[in-house]
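Novice: Dropping in structure-v8.txt, which is compact mmCIF, C-alpha atoms:
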# COMPACT_ATOMS: atom_id res chain seq x y z
CA MET X 8 30.85 145.68 164.94
CA LYS X 9 27.60 145.11 166.82
CA SER X 10 25.75 144.12 163.65
CA GLN X 11 28.59 141.75 162.69
CA PHE X 12 28.43 140.05 166.09
CA GLN X 13 24.68 139.63 165.72
CA LEU X 14 25.25 138.09 162.29
CA PHE X 15 27.82 135.60 163.62
CA ALA X 16 25.70 134.72 166.65
CA GLY X 17 22.65 134.21 164.45
CA ILE X 18 24.52 131.88 162.10
CA ALA X 19 25.94 129.87 165.02
CA LEU X 20 22.49 129.47 166.60
CA LEU X 21 21.07 128.49 163.23
CA LEU X 22 23.69 125.78 162.78
CA VAL X 23 23.11 124.39 166.28
CA GLY X 24 19.35 124.37 165.66
CA VAL X 25 19.80 122.48 162.40
CA MET X 26 21.95 119.89 164.17
CA LEU X 27 19.28 119.46 166.85
CA LEU X 28 16.42 118.93 164.39
CA PRO X 29 17.13 115.24 163.69
CA PHE X 30 17.01 114.46 167.40
CA SER X 31 13.95 116.52 168.32
CA LEU X 32 11.79 115.81 165.26
CA GLY X 33 13.31 113.23 162.94
CA ILE X 34 13.83 110.35 165.34
CA PRO X 35 10.40 110.57 167.09
CA PHE X 36 8.66 111.01 163.70
CA LEU X 37 10.19 107.74 162.51
CA GLY X 38 8.95 106.00 165.61
CA LEU X 39 12.41 104.90 166.67
CA ASP X 40 12.90 103.99 170.30
CA LEU X 41 16.25 105.47 171.20
CA GLY X 42 15.89 106.05 174.90
CA TRP X 43 19.60 106.63 175.34
CA TRP X 44 19.38 109.69 173.10
CA ASN X 45 18.71 111.99 176.00
CA VAL X 46 18.88 115.71 175.34
CA TRP X 47 21.61 116.20 177.91
CA ARG X 48 23.95 114.11 175.77
CA LEU X 49 23.98 116.91 173.21
CA TRP X 50 25.55 119.50 175.53
CA PRO X 51 28.85 119.44 173.51
CA LEU X 52 26.96 121.31 170.78
CA ALA X 53 27.53 124.42 172.91
CA VAL X 54 31.29 123.85 172.61
CA ILE X 55 30.96 123.39 168.85
CA ALA X 56 28.89 126.59 168.62
CA SER X 57 31.63 128.55 170.40
CA GLY X 58 34.17 127.18 167.93
CA VAL X 59 31.92 128.26 165.06
CA LEU X 60 31.75 131.77 166.54
CA PHE X 61 35.55 131.94 166.48
CA ALA X 62 35.72 130.71 162.87
CA LEU X 63 33.01 132.92 161.37
CA PRO X 64 34.64 136.41 161.55
CA PRO X 65 37.60 135.61 159.25
CA LEU X 66 35.23 133.88 156.84
CA PHE X 67 32.75 136.74 156.53
CA VAL X 68 34.79 139.89 157.21
CA ARG X 69 37.06 140.76 154.30
CA GLY X 70 40.07 143.02 154.36
CA LYS X 71 41.07 142.37 157.98
CA ARG X 72 43.84 139.81 157.91
CA GLY X 73 44.34 140.01 161.67
CA LEU X 74 41.08 138.11 162.11
CA GLY X 75 42.84 135.06 160.73
CA ALA X 76 44.31 134.55 164.20
CA LEU X 77 40.84 133.42 165.33
CA PHE X 78 41.39 130.17 163.44
CA ILE X 79 43.95 129.22 166.11
CA PRO X 80 41.39 128.86 168.96
CA ALA X 81 38.54 127.92 166.57
CA LEU X 82 39.93 124.63 165.26
CA PRO X 83 40.89 123.08 168.66
CA THR X 84 37.51 124.17 170.08
CA LEU X 85 35.68 122.52 167.20
CA ALA X 86 37.79 119.37 167.57
CA THR X 87 37.11 119.24 171.30
CA GLY X 88 33.38 119.71 170.72
CA GLY X 89 33.35 116.99 168.08
CA ILE X 90 35.12 114.48 170.33
CA LEU X 91 32.88 115.40 173.26
CA LEU X 92 29.76 114.97 171.12
CA PHE X 93 30.92 111.56 169.89
CA THR X 94 31.82 110.27 173.35
CA SER X 95 28.69 111.75 174.95
CA VAL X 96 26.31 110.27 172.38
CA THR X 97 27.96 106.86 172.31
CA ASP X 98 28.80 106.88 176.04
CA TRP X 99 32.24 105.65 174.98
CA TRP X 100 34.30 108.03 177.09
CA HIS X 101 37.27 105.71 176.94
CA ALA X 102 37.72 106.86 173.32
CA TRP X 103 39.48 109.94 174.71
CA THR X 104 42.47 107.64 175.23
CA TRP X 105 42.95 107.49 171.45
CA LEU X 106 41.30 110.68 170.23
CA TRP X 107 42.82 113.44 172.38
CA PRO X 108 45.82 114.05 170.03
CA ILE X 109 43.30 115.26 167.44
CA GLU X 110 43.16 118.48 169.46
CA VAL X 111 46.90 118.98 168.92
CA LEU X 112 46.50 118.34 165.19
CA ALA X 113 43.56 120.75 165.10
CA LEU X 114 45.74 123.43 166.71
CA ALA X 115 48.34 122.89 163.98
CA LEU X 116 45.59 123.22 161.36
CA GLY X 117 44.47 126.45 163.02
CA PHE X 118 47.97 127.89 162.71
CA LEU X 119 48.08 126.79 159.05
CA LEU X 120 44.78 128.50 158.22
CA ALA X 121 45.94 131.61 160.10
CA ALA X 122 49.20 131.63 158.10
CA ILE X 123 47.28 131.39 154.82
CA TYR X 124 44.67 133.99 155.76
CA MET X 125 47.12 136.46 157.31
CA ARG X 126 49.84 135.74 154.73
CA VAL X 127 52.44 135.36 157.47
CA ILE X 128 54.80 132.63 156.36
CA TRP X 129 56.55 132.44 159.76
CA LEU X 130 53.39 130.93 161.23
CA LEU X 131 54.43 127.78 159.39
CA VAL X 132 57.02 127.22 162.12
CA PRO X 133 54.48 126.49 164.91
CA THR X 134 52.27 124.77 162.32
CA ILE X 135 54.91 122.18 161.45
CA ILE X 136 56.25 121.75 165.00
CA ILE X 137 52.81 121.25 166.54
CA GLY X 138 51.68 119.13 163.59
CA PHE X 139 54.61 116.73 163.83
CA ASN X 140 54.16 116.39 167.58
CA GLY X 141 50.45 115.76 167.05
CA LEU X 142 51.17 112.99 164.53
CA VAL X 143 53.62 111.30 166.89
CA LEU X 144 51.20 111.60 169.80
CA GLN X 145 48.39 110.17 167.67
CA PHE X 146 50.61 107.26 166.61
CA CYS X 147 51.54 106.50 170.22
CA ALA X 148 47.95 106.88 171.43
CA ILE X 149 46.63 104.41 168.84
CA THR X 150 49.41 101.83 169.09
CA GLY X 151 50.24 102.26 172.77
CA LEU X 152 53.96 102.36 171.85
CA TRP X 153 54.80 105.27 174.13
CA GLN X 154 58.32 103.88 174.53
CA ALA X 155 58.91 104.92 170.91
CA TRP X 156 59.46 108.46 172.26
CA ALA X 157 62.98 107.28 173.09
CA VAL X 158 63.56 107.63 169.33
CA LEU X 159 60.76 109.87 168.11
CA TRP X 160 61.87 112.89 170.17
CA THR X 161 64.06 113.65 167.15
CA VAL X 162 60.88 115.00 165.56
CA GLU X 163 61.57 118.26 167.44
CA PRO X 164 64.72 119.36 165.55
CA LEU X 165 63.34 117.74 162.40
CA SER X 166 60.15 119.83 162.46
CA VAL X 167 62.08 123.05 163.04
CA GLY X 168 64.48 122.18 160.23
CA LEU X 169 61.67 121.37 157.80
CA SER X 170 59.91 124.64 158.60
CA PHE X 171 63.15 126.53 157.87
CA LEU X 172 63.55 124.66 154.57
CA ILE X 173 60.02 125.49 153.45
CA ILE X 174 60.39 129.15 154.39
CA SER X 175 63.79 129.32 152.64
CA PHE X 176 62.17 128.42 149.32
CA LYS X 177 59.67 131.24 149.74
CA THR X 178 62.13 133.85 150.97
CA ARG X 179 65.09 132.55 148.92
CA SER X 180 67.25 132.68 152.01
CA SER X 181 70.39 130.53 151.82
CA GLY X 182 70.93 131.04 155.57
CA LEU X 183 67.61 129.42 156.41
CA LEU X 184 68.35 126.61 153.95
CA ILE X 185 71.66 125.84 155.64
CA ALA X 186 70.13 126.04 159.13
CA GLY X 187 67.26 123.78 158.07
CA CYS X 188 69.62 121.21 156.57
CA ILE X 189 71.77 121.20 159.70
CA LEU X 190 68.78 120.60 161.97
CA CYS X 191 67.34 117.93 159.69
CA GLY X 192 70.77 116.29 159.48
CA ILE X 193 71.10 116.23 163.27
CA ALA X 194 67.62 114.73 163.55
CA SER X 195 68.39 112.11 160.89
CA LEU X 196 71.68 111.05 162.47
CA GLY X 197 70.05 110.98 165.90
CA LEU X 198 67.23 108.83 164.54
CA ILE X 199 69.69 106.40 162.94
CA GLY X 200 71.77 106.14 166.11
CA LEU X 201 68.84 105.78 168.48
CA THR X 202 67.08 103.12 166.40
CA SER X 203 70.30 101.09 166.52
CA LEU X 204 70.82 101.77 170.23
CA PHE X 205 67.33 100.72 171.25
CA VAL X 206 67.22 97.88 168.70
CA LEU X 207 63.85 98.88 167.30
CA ASN X 208 62.75 96.28 164.76
CA TRP X 209 60.00 98.33 163.11
CA TRP X 210 61.56 98.68 159.64
CA PRO X 211 59.83 101.94 158.56
CA LEU X 212 61.41 103.68 161.55
CA ARG X 213 64.83 102.31 160.64
CA LEU X 214 64.51 103.54 157.06
CA LEU X 215 63.36 107.03 158.03
CA GLY X 216 66.80 108.39 158.96
CA PRO X 217 68.65 107.30 155.79
CA VAL X 218 65.76 108.43 153.58
CA MET X 219 65.83 111.87 155.19
CA LEU X 220 69.57 112.19 154.54
CA ILE X 221 69.09 111.21 150.89
CA LEU X 222 66.29 113.75 150.45
CA MET X 223 68.39 116.52 151.99
CA GLY X 224 71.30 115.65 149.71
CA LEU X 225 69.02 115.87 146.68
CA LEU X 226 67.62 119.14 147.99
CA LEU X 227 71.06 120.71 148.32
CA LEU X 228 72.07 119.50 144.86
CA GLY X 229 68.89 120.98 143.38
CA TRP X 230 69.43 124.28 145.18
CA ALA X 231 73.03 124.44 143.92
CA ALA X 232 71.90 123.72 140.34
CA LEU X 233 69.23 126.42 140.46
CA HIS X 234 71.57 129.07 141.87
CA ARG X 235 74.66 128.19 139.83
CA ALA X 236 76.31 131.33 138.50
CA PRO X 237 76.09 131.69 134.70
CA ALA X 238 79.28 131.27 132.70
CA PRO X 239 80.99 134.59 131.80
CA MET X 240 80.50 135.76 128.23
CA THR X 241 83.54 135.91 125.97
CA ALA X 242 84.52 138.88 123.89
CA MET X 243 83.33 137.19 120.67
CA GLU X 244 79.84 136.85 122.20
Can the structure in the file be given as structure tokens, please?
Specialist:
Amino acid sequence: MKSQFQLFAGIALLLVGVMLLPFSLGIPFLGLDLGWWNVWRLWPLAVIASGVLFALPPLFVRGKRGLGALFIPALPTLATGGILLFTSVTDWWHAWTWLWPIEVLALALGFLLAAIYMRVIWLLVPTIIIGFNGLVLQFCAITGLWQAWAVLWTVEPLSVGLSFLIISFKTRSSGLLIAGCILCGIASLGLIGLTSLFVLNWWPLRLLGPVMLILMGLLLLGWAALHRAPAPMTAME
């Protein structure tokens, strides 16, 4: 364990050193006058290095699926370090107003990588829930349409329903399929009703509810066709 930690720490320090080379050697060698590139602006590299330390064990240690859980803190830490580095170097700290939902999306990606590495399909539930919330938050942060949450809160039952539907195909569970369809149906009907109630004129949002109902109907028809009982054989056969 001690030797593995030394290996991970050495790789992390190596990566940070490589990232620092362009600023300590490359830019002065080219004779560029970038006075605003002060060393202190690169302090977010320490945050990135800590994220790398979290991500390295599952990548280099084989046979220990439990290490896949380290992807969950690794991805948000790396995302935070990346945003901090961008805003620190550019001195555009106001960018956090639009970029902070990336941390939520990175957390969802961490759960997805953990689910794949650990082979735990139920980790798809937090993956999809957090991912959908991250997408909605990113949409609102970019557009400034935070009032859209009056309608978009339906993403909560929708994300749970979709996660149940995905898991039902893997586990072949009809109970999860029915529960997923019920939740997605509630979310679709709620979306249709709320878009009409709040008179939202953004046409993609108005189409989302009916499209979801159509897709669920097709899904149920496909499931019924795949699991249809075979016809009984006659005596002549």
Novice: So the first atom is CA of Leu120 in chain X and the second is CA of Gly182 in chain X; what is the distance between them in Å, to one decimal place?
Specialist: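 Distance reported for this atom pair: 26.4 Å.
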Novice: Between CA of Gly88 in chain X and CA of Pro51 in chain X, measure the distance and give it in Å to one decimal.
Specialist: 5.3 Å
Novice: CA of Thr134 in chain X to CA of Phe118 in chain X: how many Å, to one decimal?
Specialist: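 If I compute the distance from CA of Thr134 in chain X to CA of Phe118 in chain X, I get 5.3 Å.
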Novice: Using only C-alpha atoms - which residues lie no farther than 10 Å from the point (26.3, 108.8, 174.7) in the file's frame? Write them as a compact mmCIF listing (two decimals) with C-alpha atoms, in the coordinates of the input.
Specialist:
# COMPACT_ATOMS: atom_id res chain seq x y z
CA TRP X 43 19.60 106.63 175.34
CA TRP X 44 19.38 109.69 173.10
CA ASN X 45 18.71 111.99 176.00
CA TRP X 47 21.61 116.20 177.91
CA ARG X 48 23.95 114.11 175.77
CA LEU X 49 23.98 116.91 173.21
CA LEU X 91 32.88 115.40 173.26
CA LEU X 92 29.76 114.97 171.12
CA PHE X 93 30.92 111.56 169.89
CA THR X 94 31.82 110.27 173.35
CA SER X 95 28.69 111.75 174.95
CA VAL X 96 26.31 110.27 172.38
CA THR X 97 27.96 106.86 172.31
CA ASP X 98 28.80 106.88 176.04
CA TRP X 99 32.24 105.65 174.98
CA TRP X 100 34.30 108.03 177.09
Novice: Around the point (47.7, 137.5, 159.6), in the coordinates given by the file, pick out the residues reaching within 7 Å, counting only C-alpha atoms, and return them as a list in words.
Specialist: Arg72, Gly73, Gly75, Ala76, Ala121, Ala122, Tyr124, Met125, Arg126 and Val127 of chain X
Novice: Would you put the residues from that selection into a file with C-alpha atoms, as a compact mmCIF listing (two decimals), in the coordinates of the input?
Specialist:
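Writing the result to result.txt gives the following:
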# COMPACT_ATOMS: atom_id res chain seq x y z
CA ARG X 72 43.84 139.81 157.91
CA GLY X 73 44.34 140.01 161.67
CA GLY X 75 42.84 135.06 160.73
CA ALA X 76 44.31 134.55 164.20
CA ALA X 121 45.94 131.61 160.10
CA ALA X 122 49.20 131.63 158.10
CA TYR X 124 44.67 133.99 155.76
CA MET X 125 47.12 136.46 157.31
CA ARG X 126 49.84 135.74 154.73
CA VAL X 127 52.44 135.36 157.47
